[in-house]
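With compact mmCIF, C-alpha atoms inside, this is final.txt:
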```
# COMPACT_ATOMS: atom_id res chain seq x y z
CA MET A 1 0.00 0.00 0.00
CA VAL A 2 2.22 2.77 -1.35
CA GLY A 3 1.60 6.25 0.07
CA ALA A 4 -1.00 5.07 2.60
CA THR A 5 -1.48 7.23 5.68
CA ARG A 6 -1.33 5.92 9.22
CA ILE A 7 -5.13 6.10 9.49
CA GLU A 8 -5.58 4.02 6.32
CA ILE A 9 -3.04 1.42 7.49
CA ASN A 10 -4.80 1.05 10.87
CA PHE A 11 -8.16 0.86 9.10
CA ASN A 12 -7.04 -1.99 6.86
CA ARG A 13 -5.52 -3.90 9.77
CA LEU A 14 -8.73 -3.63 11.78
CA LEU A 15 -10.82 -4.47 8.70
CA THR A 16 -8.83 -7.68 8.16
CA GLN A 17 -9.34 -8.65 11.80
CA CYS A 18 -13.09 -7.98 11.57
CA GLN A 19 -13.38 -10.09 8.42
CA VAL A 20 -11.61 -12.98 10.16
CA MET A 21 -13.95 -12.66 13.17
CA ALA A 22 -17.01 -12.50 10.91
CA GLU A 23 -15.87 -15.68 9.15
CA ASP A 24 -15.33 -17.57 12.44
CA LYS A 25 -18.85 -17.49 13.90
CA GLU A 26 -18.11 -20.07 16.60
CA HIS A 27 -15.35 -18.09 18.32
CA ARG A 28 -16.52 -14.56 17.67
CA ASP A 29 -17.43 -12.30 20.61
CA TRP A 30 -18.99 -8.91 21.35
CA ARG A 31 -15.87 -7.06 20.22
CA LEU A 32 -16.78 -7.42 16.54
CA GLU A 33 -19.58 -4.87 16.80
CA LYS A 34 -17.26 -2.44 18.62
CA TYR A 35 -14.57 -2.93 15.99
CA ILE A 36 -17.04 -2.17 13.20
CA GLY A 37 -17.91 1.09 14.96
CA ALA A 38 -14.20 1.89 15.11
CA LEU A 39 -13.93 1.20 11.35
CA GLN A 40 -16.68 3.74 10.72
CA GLY A 41 -14.71 6.27 12.81
CA PHE A 42 -11.58 5.59 10.75
CA LEU A 43 -13.58 6.26 7.58
CA VAL A 44 -14.73 9.63 8.91
CA ASP A 45 -11.12 10.54 9.79
CA MET A 46 -9.89 9.49 6.33
CA ARG A 47 -12.51 11.64 4.61
CA ARG A 48 -11.42 14.65 6.69
CA SER A 49 -7.70 14.02 6.19
CA PRO A 50 -5.85 16.34 3.75
CA SER A 51 -4.10 13.28 2.28
CA LYS A 52 -7.23 11.17 1.98
CA PRO A 53 -7.40 8.17 -0.38
CA PRO A 54 -9.13 8.44 -3.78
CA GLN A 55 -12.92 8.57 -3.86
CA GLU A 56 -13.12 5.08 -5.40
CA ALA A 57 -11.07 3.60 -2.54
CA LEU A 58 -13.25 5.34 0.07
CA LEU A 59 -16.35 3.94 -1.62
CA GLU A 60 -14.94 0.39 -1.50
CA TYR A 61 -13.98 0.83 2.15
CA GLN A 62 -17.52 2.00 2.96
CA LYS A 63 -19.04 -0.99 1.16
CA LYS A 64 -16.84 -3.39 3.15
CA VAL A 65 -17.86 -1.79 6.45
CA ASP A 66 -21.53 -1.82 5.39
CA LEU A 67 -21.15 -5.50 4.52
CA LEU A 68 -19.93 -6.35 8.03
CA LYS A 69 -22.70 -4.25 9.61
CA GLY A 70 -25.33 -5.83 7.37
CA LEU A 71 -24.17 -9.39 8.08
CA LEU A 72 -24.35 -8.76 11.83
CA GLU A 73 -27.80 -7.20 11.49
CA ALA A 74 -29.01 -10.11 9.34
CA GLU A 75 -27.84 -12.70 11.88
CA LYS A 76 -29.98 -11.04 14.54
CA LYS A 77 -33.18 -11.49 12.48
CA PRO A 78 -35.19 -14.63 13.29
CA ALA A 79 -36.98 -14.92 9.93
CA VAL A 80 -35.22 -16.23 6.85
CA MET A 81 -36.89 -13.70 4.57
CA GLN A 82 -35.66 -10.82 6.73
CA ARG A 83 -32.10 -12.14 6.64
CA ALA A 84 -32.32 -12.59 2.87
CA LEU A 85 -33.68 -9.06 2.41
CA ILE A 86 -30.79 -7.52 4.33
CA THR A 87 -28.17 -9.72 2.65
CA GLU A 88 -29.42 -9.05 -0.87
CA SER A 89 -29.62 -5.30 -0.26
CA LEU A 90 -25.89 -5.06 0.47
CA ARG A 91 -23.90 -3.41 -2.28
CA PRO A 92 -21.68 -5.80 -4.28
CA ILE A 93 -17.97 -5.83 -3.52
CA SER A 94 -15.62 -5.33 -6.47
CA ASP A 95 -13.14 -7.98 -7.63
CA GLU A 96 -10.08 -5.77 -7.16
CA ILE A 97 -6.95 -6.92 -5.30
CA GLY A 98 -7.48 -6.91 -1.53
CA SER A 99 -11.27 -7.36 -1.70
CA ALA A 100 -11.24 -11.17 -1.79
CA PRO A 101 -12.11 -11.69 1.94
CA ALA A 102 -15.07 -9.29 1.77
CA LYS A 103 -16.24 -10.81 -1.53
CA GLN A 104 -16.03 -14.29 0.00
CA LEU A 105 -18.05 -13.19 3.03
CA GLN A 106 -20.76 -11.74 0.79
CA VAL A 107 -20.94 -14.83 -1.44
CA LYS A 108 -21.13 -17.18 1.57
CA ALA A 109 -23.84 -15.08 3.21
CA LYS A 110 -25.98 -15.12 0.06
CA ALA A 111 -25.46 -18.85 -0.38
CA LYS A 112 -26.45 -19.44 3.27
CA CYS A 113 -29.64 -17.40 2.85
CA GLU A 114 -30.60 -19.32 -0.29
CA GLU A 115 -29.93 -22.59 1.51
CA ASP A 116 -32.08 -21.51 4.47
CA MET A 117 -34.92 -20.46 2.16
CA ARG A 118 -34.83 -23.79 0.34
CA ALA A 119 -34.75 -25.65 3.64
CA GLU A 120 -37.72 -23.65 4.88
CA LEU A 121 -39.71 -24.30 1.72
CA LEU A 122 -38.86 -28.00 1.77
CA GLY A 123 -39.71 -28.16 5.47
CA ASN A 124 -43.11 -26.59 4.84
CA SER A 125 -43.68 -28.98 1.96
CA LYS A 126 -42.83 -32.01 4.09
CA SER A 127 -45.06 -30.83 6.92
CA ASN A 128 -47.91 -30.39 4.46
CA GLN A 129 -47.38 -33.87 3.07
CA GLN A 130 -47.72 -35.37 6.56
CA ASN A 131 -51.25 -33.95 6.94
CA ASP A 132 -52.97 -36.74 5.02
CA HIS A 133 -56.66 -37.49 4.87
CA PRO A 134 -57.89 -40.68 6.57
CA ASP A 135 -58.62 -42.21 3.19
CA GLY A 136 -54.91 -41.94 2.21
CA MET A 137 -55.21 -38.87 0.03
CA ARG A 138 -52.60 -36.26 1.00
CA GLN A 139 -53.83 -32.79 1.90
CA ARG A 140 -51.75 -30.60 -0.33
CA LYS A 141 -51.33 -26.88 -0.09
CA LYS A 142 -50.09 -26.24 -3.57
CA PRO A 143 -51.60 -22.73 -3.90
CA GLN A 144 -49.89 -21.63 -0.69
CA GLU A 145 -46.53 -22.99 -1.86
CA ASP A 146 -46.94 -21.27 -5.23
CA GLU A 147 -47.78 -18.05 -3.44
CA ASP A 148 -44.66 -18.34 -1.27
CA ILE A 149 -42.51 -18.97 -4.35
CA ASN A 150 -44.07 -16.01 -6.14
CA ILE A 151 -43.35 -13.80 -3.12
CA ILE A 152 -39.72 -14.92 -3.11
CA LEU A 153 -39.39 -14.34 -6.85
CA GLN A 154 -40.95 -10.89 -6.56
CA HIS A 155 -38.64 -10.13 -3.68
CA HIS A 156 -35.57 -11.14 -5.71
CA HIS A 157 -36.81 -9.14 -8.68
CA LYS A 158 -37.23 -6.01 -6.52
CA LEU A 159 -33.79 -6.52 -5.02
CA GLN A 160 -32.24 -6.86 -8.47
CA GLU A 161 -33.97 -3.67 -9.61
CA ARG A 162 -32.74 -1.85 -6.51
CA LEU A 163 -29.19 -3.11 -7.01
CA ALA A 164 -29.32 -2.09 -10.67
CA GLU A 165 -30.47 1.42 -9.71
CA GLU A 166 -27.71 1.70 -7.11
CA MET A 167 -25.10 0.52 -9.60
CA LEU A 168 -26.40 3.07 -12.13
CA MET A 169 -26.21 5.83 -9.51
CA HIS A 170 -22.68 4.82 -8.53
CA THR A 171 -21.69 4.69 -12.19
CA LYS A 172 -23.06 8.19 -12.80
CA ALA A 173 -21.31 9.49 -9.67
CA LEU A 174 -18.05 7.84 -10.74
CA LYS A 175 -18.37 9.29 -14.24
CA GLN A 176 -19.03 12.72 -12.81
CA ASN A 177 -16.04 12.43 -10.48
CA ILE A 178 -13.83 11.32 -13.39
CA THR A 179 -15.07 14.24 -15.50
CA GLU A 180 -14.42 16.74 -12.72
CA ALA A 181 -11.02 15.21 -12.05
CA GLY A 182 -10.15 15.41 -15.76
CA ARG A 183 -11.23 19.05 -15.91
CA ALA A 184 -9.18 19.85 -12.81
CA VAL A 185 -6.15 18.08 -14.29
CA ARG A 186 -6.52 20.01 -17.55
CA GLU A 187 -6.78 23.30 -15.67
CA ASP A 188 -3.74 22.44 -13.54
CA THR A 189 -1.82 21.44 -16.67
CA LYS A 190 -2.68 24.75 -18.29
CA VAL A 191 -1.57 26.68 -15.20
CA ILE A 192 1.69 24.71 -15.06
CA SER A 193 2.26 25.29 -18.78
CA ASP A 194 1.65 29.04 -18.43
CA SER A 195 3.90 29.18 -15.38
CA THR A 196 6.64 27.28 -17.23
CA ARG A 197 6.39 29.60 -20.23
CA LEU A 198 6.45 32.67 -17.97
CA ALA A 199 9.45 31.27 -16.09
CA GLY A 200 11.23 30.69 -19.41
CA ASP A 201 10.52 34.24 -20.55
CA ASN A 202 11.71 35.65 -17.23
CA SER A 203 14.85 33.51 -17.39
CA ALA A 204 15.68 34.76 -20.89
CA ARG A 205 14.98 38.33 -19.85
CA LEU A 206 17.11 37.93 -16.75
CA LYS A 207 19.97 36.53 -18.86
CA VAL A 208 19.85 39.54 -21.19
CA GLU A 209 19.78 41.98 -18.28
CA GLY A 210 22.68 40.13 -16.66
CA GLU A 211 24.78 40.40 -19.80
CA ARG A 212 23.94 44.11 -20.10
CA LEU A 213 24.82 44.68 -16.45
CA GLU A 214 28.09 42.81 -16.90
CA ALA A 215 29.04 44.95 -19.94
CA HIS A 216 28.09 48.10 -18.05
CA THR A 217 30.15 47.00 -15.07
CA LYS A 218 33.20 46.40 -17.28
CA SER A 219 32.92 49.84 -18.89
CA CYS A 220 32.47 51.47 -15.51
CA SER A 221 35.52 49.69 -14.15
CA TRP A 222 37.66 51.14 -16.97
CA TRP A 223 36.41 54.61 -16.28
CA ILE A 224 37.16 54.19 -12.59
CA TRP A 225 40.74 53.27 -13.35
CA VAL A 226 41.09 56.24 -15.72
CA MET A 227 39.69 58.64 -13.11
CA LEU A 228 41.97 57.17 -10.47
CA VAL A 229 45.04 57.71 -12.69
CA ILE A 230 43.94 61.30 -13.39
CA VAL A 231 43.46 61.95 -9.66
CA ILE A 232 46.92 60.53 -8.89
CA ILE A 233 48.59 62.58 -11.64
CA THR A 234 46.77 65.70 -10.45
CA PHE A 235 47.84 65.10 -6.88
CA ILE A 236 51.50 64.57 -7.85
CA SER A 237 51.43 67.69 -10.01
CA MET A 238 50.06 69.80 -7.19
CA VAL A 239 52.69 68.51 -4.78
CA LEU A 240 55.47 69.31 -7.24
CA PHE A 241 53.98 72.72 -7.96
CA MET A 242 53.85 73.54 -4.28
CA LYS A 243 57.45 72.51 -3.76
CA LEU A 244 58.71 74.50 -6.72
CA PHE A 245 56.91 77.72 -5.89
CA SER A 246 57.05 77.56 -2.10
CA LYS A 247 60.28 79.60 -2.03
```

So that I can check it, write out the structure of this file as structure tokens.
Amino acid sequence: MVGATRIEINFNRLLTQCQVMAEDKEHRDWRLEKYIGALQGFLVDMRRSPSKPPQEALLEYQKKVDLLKGLLEAEKKPAVMQRALITESLRPISDEIGSAPAKQLQVKAKAKCEEDMRAELLGNSKSNQQNDHPDGMRQRKKPQEDEDINIILQHHHKLQERLAEEMLMHTKALKQNITEAGRAVREDTKVISDSTRLAGDNSARLKVEGERLEAHTKSCSWWIWVMLVIVIITFISMVLFMKLFSK
């Protein structure tokens, strides 16, 4: 992690620890929820830092923290449908380097929810099959099962639409950020180019003035020597004159 600040390094260390604790459900304790709160505090500090990471990195960090919070919230729900709703509403984690643990947690959570829903449907089906009529005809509840399946399908369809809308919003925001960043880079490049051209002009002008000053200094130095010789000759002449005509 080249150029990472101390806050970002501490955040990633704590994030890795939280992901390990979230994976190991048997040995996890109450500290996980406190650690997730600390991760959110690190995110706030990074956003306020002058040397904050790029916007795309902050977005990925936020999604990873939201994933941990959502998984904890889903585990507290008693109903399978509620857990599935929370799990499916979590934003997808990207496949970039360093996101593999979070991606694995999200995939396992979705697979577990699907397994629980299938088990619940199969359990309801088996319980319905055990309620047979005395004459041997099974009392089926096919319409109820179809209704449950339709509800699940509608739920998945709504979740997919919501995820698609969120992805579209994130794509638009990312495109806008890239456009603004490109415009800022072009403006900075123009300023740097103007400054470089101005510095070049000033350097050339300074060189010309330096050469002129050097020539002027040389000519002045000759005149100083000439004046000094004249002063010396004048002084010697006056001394001789005074000695000759003093008597």

- Identify which of the residues A:Met117, A:Val229, A:Ile192, A:Ala57 lies closest to Ala79 of chain A, counting all atoms listed in the file when measuring atom-to-atom distances.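 Of A:Met117, A:Val229, A:Ile192, A:Ala57, the one nearest Ala79 of chain A is A:Met117, counting all atoms listed in the file.
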
- Residue nearest Asn10 of chain A among A:Lys108, A:Leu122, A:Leu39, A:Arg47 (counting all atoms listed in the file): A:Leu39

- Residue with smallest distance to Ile9 of chain A - pool A:Thr196, A:Lys52, A:Tyr35, A:Trp30, counting all atoms listed in the file: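 Looking only at the distances to Ile9 of chain A, the closest residue turns out to be A:Lys52.
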
- atom CA of Ala109 of chain A sits from atom CA of Pro92 of chain A at a separation of 12.1 Å

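Rounded to one decimal, atom CA of Asn12 of chain A and atom CA of Lys34 of chain A lie 15.6 Å from each other.
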
- Task: Select, counting only C-alpha atoms, all protein, DNA and RNA residues no farther than 10 Å from (-3.8, 4.4, 0.1) in file coordinates, and express the selection as a PyMOL selection string.
- Result: chain A and resi 1-9+12+51-54+57-58

- Measure the distance from atom CA of Glu114 of chain A to atom CA of Ala84 of chain A in Å and round it to one decimal. 7.6 Å

- Message: Within 12 Å of (-11.1, -9.0, -0.4) (file coordinates; all atoms listed in the file), which protein or nucleic acid residues are there? I'd like them as JSON, numbers by chain.
- Response: {"A": [12, 15, 16, 19, 20, 60, 61, 63, 64, 67, 92, 93, 94, 95, 96, 97, 98, 99, 100, 101, 102, 103, 104, 105, 106, 107]}
